[in-house]
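Notes for the one structure printed next.
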Amino acid sequence: MTQRTVVIVKVLIWAGCLAPLALLVAQAFGYAGGLGANDVETILNVCGKTALNLLLLTLCVTPIRRSTGINKLVVFRRLLGLFGFFYVCVHFLTYALLDLGLLYPLLYGPTAVGTTPGEQLLADIAKRPFITVGFTALLLLIPLAITSTRAMQRRLGRNWTKLHRLVYVVALLGVVHYWWQVKSNTDAQPLPYAVLLAVLLGVRLHHWLVHSKAAVPPSYQRVEPPQAREKASH
Amino acid sequence: MRKKLDTGIKPSEITPEGAYLNRRTVLTAAVAAGLVPSIMTCEAATLPASGDMFADVKKWPDSTTDKVNSFQDITTYNNYYEFGTGKSDPAANAHTLKTSPWSVQVSGEAGKTGTFTLEDIIKPHSLEERIYRHRCVEAWSMVIPWVGFPLADLLKRFEPTSNAKYVQFVTLNDRTQMPGVRQPYLEWPYREGLTIAEAMHPLAFMAVGLYGKVLPNQNGAPLRTVIPWKYGFKCCKSIVRIHFTDRQPQTSWNMAAPQEYGFYSNVNPEVDHPRWSQASERRLGGGLFAARIPTQMFNGYAEQVASLYTGLDLRKNY
């Protein structure tokens, strides 16, 4: 893959990842059919699904890289992961600021009755399993986003790979969060996500079982950051 | 009160003016037709077709004064799993539902059972418009101007016996008209039930229209119940069977998830859904920056219906 191809693909990824947000903004201003009757829910759903799509897409990178041998694909993974984190943040902020209304005391003054949005947020995180799970996924993504820079990769060396295996947990929590949020288990919408995640984890398990005899699986050597590889070779 | 009804929302705000004027024409025509001396015998008069205005609808004096949701919101954001689980699926798919001819089977503990045509069901009743709050179990709500008649008035015509302790309502279950029933979202047909006291309560309503017009298919045409103090799923859409029984009937959501959806399913801010809070709701149509509003006991109809449940533990009988 030439440098030129890498740049073109990156531009396409930026465009593709920003498209759902751009559409939401357009709809919020009444274009493209608007946000529908439940505008807040539309934003929550679009951002939640886009985040899940992107997280699962980052998990596709390694199996595709292994099966095609195009190792350069790994350079797109961080971009996809960071956009995934971005949509998780917008999803959470929409829930906290617009749905629960953390923003409203600032806009309209103190709320008249009942629990404040802040109290409601804490209660939800503590009491509602699907929100607990979703919030945990958000928290776990923060260290991954912070350590996604090349400098952090170099500093952490092998631990970087270990730390970033957290993304499997995050993806699992994301799918569970979706599954527990729908009205009943008869709603099949989260199913494709669960199946894709199961396949992606299965592929890794298979790879691990096949290569577990080798001390360091060859393909893992390729993904390690340059400095870690240097250390390993000493 | 009456005044508020009229000024709650201007029809011109929610419908393109052309369509609005067009509907007026239909209405005028219908009124004119009504004024024509009815030498033409009764059977010649048929029910208006889907989307047509009803000619003679009285306004119920006790309608809520809350701001009514737009026709657009009410008809494009629906839970009607027979047409798909997405909120916009029913509006997209329900055109395949054929509401004429339509018949309703009445069975069980009643004096007059059998099969009734839609005309048989609706004709003897004078129609009224009732603006009710509609609270979904998913914690959103709307305000909807239904057209219909009290459910009790219909049920009494079938002369339920003293054994009729409950009424079950059943929705059409037709694979050719309803793409959703090919999927196991719920156990089909969709069925709902009420105690006879609930069904006979003056607030329980049988709707045949909304916004003055014949019910759009996605809202449960041609005949649906509206039980305003209960969560929305207790309403049964596109009814093909009414069954009087001495035992508590099966209800679809209760069968799907008994620990989450009970038989009663009264709106109750103090009893949460196992997975989310029912203390507040998002009133649709308020815009992106509208705050949630507190959910009211029995959806604000406590004064009228609370007596139905005296001595009943509402936490256990959710």
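Naming works like this for the structure tokens: A, B, ... for the chains as they're shown, residue 1 at the start of each chain, ligands 1 onward in shown order.
The environment of Tyr301 (chain B) within 10 Å, counting only C-alpha atoms and disregarding residues fewer than 6 places along the same chain, consists of Tyr132, Arg133, Leu203, Pro228, Trp229, Lys230 and Val267 of chain B.
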Per residue of chain B within 7 Å of chain A, which atom pair is closest and at what distance in Å (one decimal), using only C-alpha atoms, listed by chain and increasing number, as CSV?
```
residue,atom,partner,partner_atom,distance
B:Asp73,CA,A:Ala37,CA,5.0
B:Tyr77,CA,A:Ala37,CA,6.2
B:Pro184,CA,A:Thr186,CA,6.9
B:Tyr185,CA,A:Thr186,CA,4.7
B:Leu186,CA,A:Thr186,CA,6.3
B:Ala257,CA,A:Ser184,CA,6.9
B:Arg275,CA,A:Arg128,CA,5.6
B:Trp276,CA,A:Arg128,CA,6.2
B:Leu284,CA,A:Asn38,CA,5.8
B:Gly285,CA,A:Ala37,CA,6.2
B:Leu288,CA,A:Val40,CA,6.2
B:Phe289,CA,A:Leu98,CA,6.2
B:Ala291,CA,A:Gly101,CA,5.9
```
Writer output for current selection, C-alpha atoms, as a PDB file, in the first residue's frame:
```
ATOM      1  CA  ASP B  73     -45.639  12.864  15.020  1.00  0.00           C
ATOM      2  CA  TYR B  77     -43.684   7.289  15.468  1.00  0.00           C
ATOM      3  CA  PRO B 184     -41.122 -14.066  16.289  1.00  0.00           C
ATOM      4  CA  TYR B 185     -41.042 -10.609  17.911  1.00  0.00           C
ATOM      5  CA  LEU B 186     -44.033 -11.583  20.060  1.00  0.00           C
ATOM      6  CA  ALA B 257     -41.498 -10.841  29.545  1.00  0.00           C
ATOM      7  CA  ARG B 275     -34.564  -1.730  33.536  1.00  0.00           C
ATOM      8  CA  TRP B 276     -35.512   1.934  33.501  1.00  0.00           C
ATOM      9  CA  LEU B 284     -42.585  14.387  22.262  1.00  0.00           C
ATOM     10  CA  GLY B 285     -42.857  17.465  20.124  1.00  0.00           C
ATOM     11  CA  LEU B 288     -34.378  19.069  21.456  1.00  0.00           C
ATOM     12  CA  PHE B 289     -34.040  21.214  24.552  1.00  0.00           C
ATOM     13  CA  ALA B 291     -36.927  18.957  29.751  1.00  0.00           C
TER      14      ALA B 291
END
```
Exercise for review: Find, counting only C-alpha atoms, the residue in A:Ala26, A:Leu106, A:Leu163, A:Leu79 that gets nearest to Leu57 (chain A).
Suggested key: A:Leu79
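Residue nearest Gln259 (chain B) within the list B:Lys59, B:Arg224, B:Arg292, B:Arg315: B:Arg315 [criterion: smallest interatomic distance, only C-alpha atoms].
Residues within 12 Å of Thr115 (chain B), counting only C-alpha atoms and excluding same-chain residues fewer than 2 positions away, are Trp102, Ser103, Val104, Gln105, Val106, Ser107, Lys112, Thr113, Thr117, Leu118, Glu119, Asp120, Ile121, Phe158, Val240, Arg241, Ile242 and His243 of chain B.
Shell of region 48-56 of chain A at 7 Å, with only C-alpha atoms counted and residues fewer than 6 places along the chain excluded, is Leu80, Gly81, Gly84, Phe85, Tyr87, Val88, His91, Ala171, Gly174 and Leu197 of chain A.
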I need the residues from that last selection saved to file as a compact mmCIF listing (two decimals), in the first residue's frame (with N, CA and C atoms), if you can.
```
# COMPACT_ATOMS: atom_id res chain seq x y z
N LEU A 80 -10.35 4.67 13.32
CA LEU A 80 -11.68 4.08 13.52
C LEU A 80 -12.02 4.02 15.00
N GLY A 81 -11.05 3.63 15.81
CA GLY A 81 -11.28 3.52 17.25
C GLY A 81 -11.58 4.87 17.88
N GLY A 84 -14.97 5.95 17.03
CA GLY A 84 -15.88 5.17 17.87
C GLY A 84 -16.02 5.82 19.24
N PHE A 85 -14.89 6.19 19.82
CA PHE A 85 -14.89 6.85 21.13
C PHE A 85 -15.64 8.18 21.06
N TYR A 87 -18.13 8.98 19.09
CA TYR A 87 -19.58 8.76 19.07
C TYR A 87 -20.11 8.26 20.41
N VAL A 88 -19.28 7.49 21.13
CA VAL A 88 -19.68 7.08 22.48
C VAL A 88 -19.87 8.33 23.35
N HIS A 91 -22.99 10.23 22.36
CA HIS A 91 -24.11 9.41 22.85
C HIS A 91 -24.33 9.69 24.34
N ALA A 171 -16.35 -3.76 23.63
CA ALA A 171 -17.29 -4.18 22.58
C ALA A 171 -18.38 -5.08 23.18
N GLY A 174 -20.72 -3.01 25.11
CA GLY A 174 -21.53 -2.22 24.18
C GLY A 174 -22.71 -3.02 23.66
N LEU A 197 -19.91 -9.80 16.79
CA LEU A 197 -18.94 -9.80 17.89
C LEU A 197 -18.51 -11.24 18.21
```
What lies within 10 Å of Gly220 (chain B) using only C-alpha atoms, ignoring chain neighbours under 4 positions off, as a tab-separated table (two decimals) with N, CA and C atoms, in the first residue's frame?
```tsv
chain	number	residue	atom	x	y	z
B	78	ASN	N	-44.54	5.06	15.78
B	78	ASN	CA	-45.50	4.08	16.30
B	78	ASN	C	-44.84	2.77	16.72
B	80	TYR	N	-45.91	-0.79	16.50
B	80	TYR	CA	-46.91	-1.70	15.95
B	80	TYR	C	-46.08	-2.80	15.29
B	90	PRO	N	-44.04	1.05	11.03
B	90	PRO	CA	-45.48	0.97	10.75
B	90	PRO	C	-45.92	1.98	9.69
B	94	ALA	N	-47.48	-0.16	6.77
B	94	ALA	CA	-48.87	-0.52	7.09
B	94	ALA	C	-49.84	-0.30	5.94
B	97	LEU	N	-52.13	-3.16	4.93
B	97	LEU	CA	-53.28	-3.59	5.74
B	97	LEU	C	-54.58	-3.22	5.03
B	99	THR	N	-58.39	-2.69	5.47
B	99	THR	CA	-59.34	-2.48	6.56
B	99	THR	C	-60.79	-2.57	6.10
B	171	THR	N	-55.68	-8.73	17.98
B	171	THR	CA	-55.33	-8.02	16.75
B	171	THR	C	-55.28	-8.99	15.58
B	172	LEU	N	-55.53	-8.47	14.40
B	172	LEU	CA	-55.40	-9.27	13.17
B	172	LEU	C	-54.01	-9.91	13.12
B	207	ALA	N	-61.35	3.70	19.61
B	207	ALA	CA	-61.04	4.75	18.63
B	207	ALA	C	-61.17	4.22	17.21
B	208	VAL	N	-61.72	5.06	16.35
B	208	VAL	CA	-61.81	4.74	14.92
B	208	VAL	C	-61.15	5.84	14.08
B	209	GLY	N	-60.67	6.87	14.78
B	209	GLY	CA	-60.04	7.96	14.03
B	209	GLY	C	-59.15	8.79	14.91
B	215	LEU	N	-58.79	6.55	11.17
B	215	LEU	CA	-57.49	6.12	11.67
B	215	LEU	C	-56.55	5.72	10.53
B	216	PRO	N	-55.34	6.23	10.52
B	216	PRO	CA	-54.35	5.68	9.59
B	216	PRO	C	-54.02	4.24	10.02
B	224	ARG	N	-59.45	0.39	17.36
B	224	ARG	CA	-58.44	0.12	18.40
B	224	ARG	C	-58.94	0.65	19.74
B	225	THR	N	-58.50	0.00	20.79
B	225	THR	CA	-58.85	0.51	22.11
B	225	THR	C	-57.85	1.58	22.53
B	235	CYS	N	-53.30	-0.90	24.75
B	235	CYS	CA	-54.24	-0.65	23.68
B	235	CYS	C	-54.10	-1.77	22.66
B	236	CYS	N	-55.20	-2.25	22.13
B	236	CYS	CA	-55.15	-3.31	21.13
B	236	CYS	C	-55.55	-2.72	19.79
B	237	LYS	N	-54.67	-2.89	18.79
B	237	LYS	CA	-54.92	-2.27	17.49
B	237	LYS	C	-55.60	-3.25	16.53
B	238	SER	N	-56.20	-2.71	15.50
B	238	SER	CA	-56.80	-3.51	14.41
B	238	SER	C	-57.49	-4.75	14.96
B	239	ILE	N	-58.52	-4.52	15.78
B	239	ILE	CA	-59.15	-5.60	16.54
B	239	ILE	C	-60.02	-6.49	15.65
```
Exercise for review: Report as a PyMOL selection string: the residues of region 45-167 of chain B with a DSSP assignment of helix (DSSP H, G or I), based on the backbone of this structure.
Suggested key: chain B and resi 71-76+81-83+89-96+118-122+151-157
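With only C-alpha atoms as the atoms that count, the minimum distance from Arg204 (chain A) to the choices A:Phe29, A:Cys47, A:Tyr168, A:Phe135 is reached by A:Tyr168.
The spacing separating CA of Gln168 (chain B) from CA of Thr195 (chain B) amounts to 8.8 Å.
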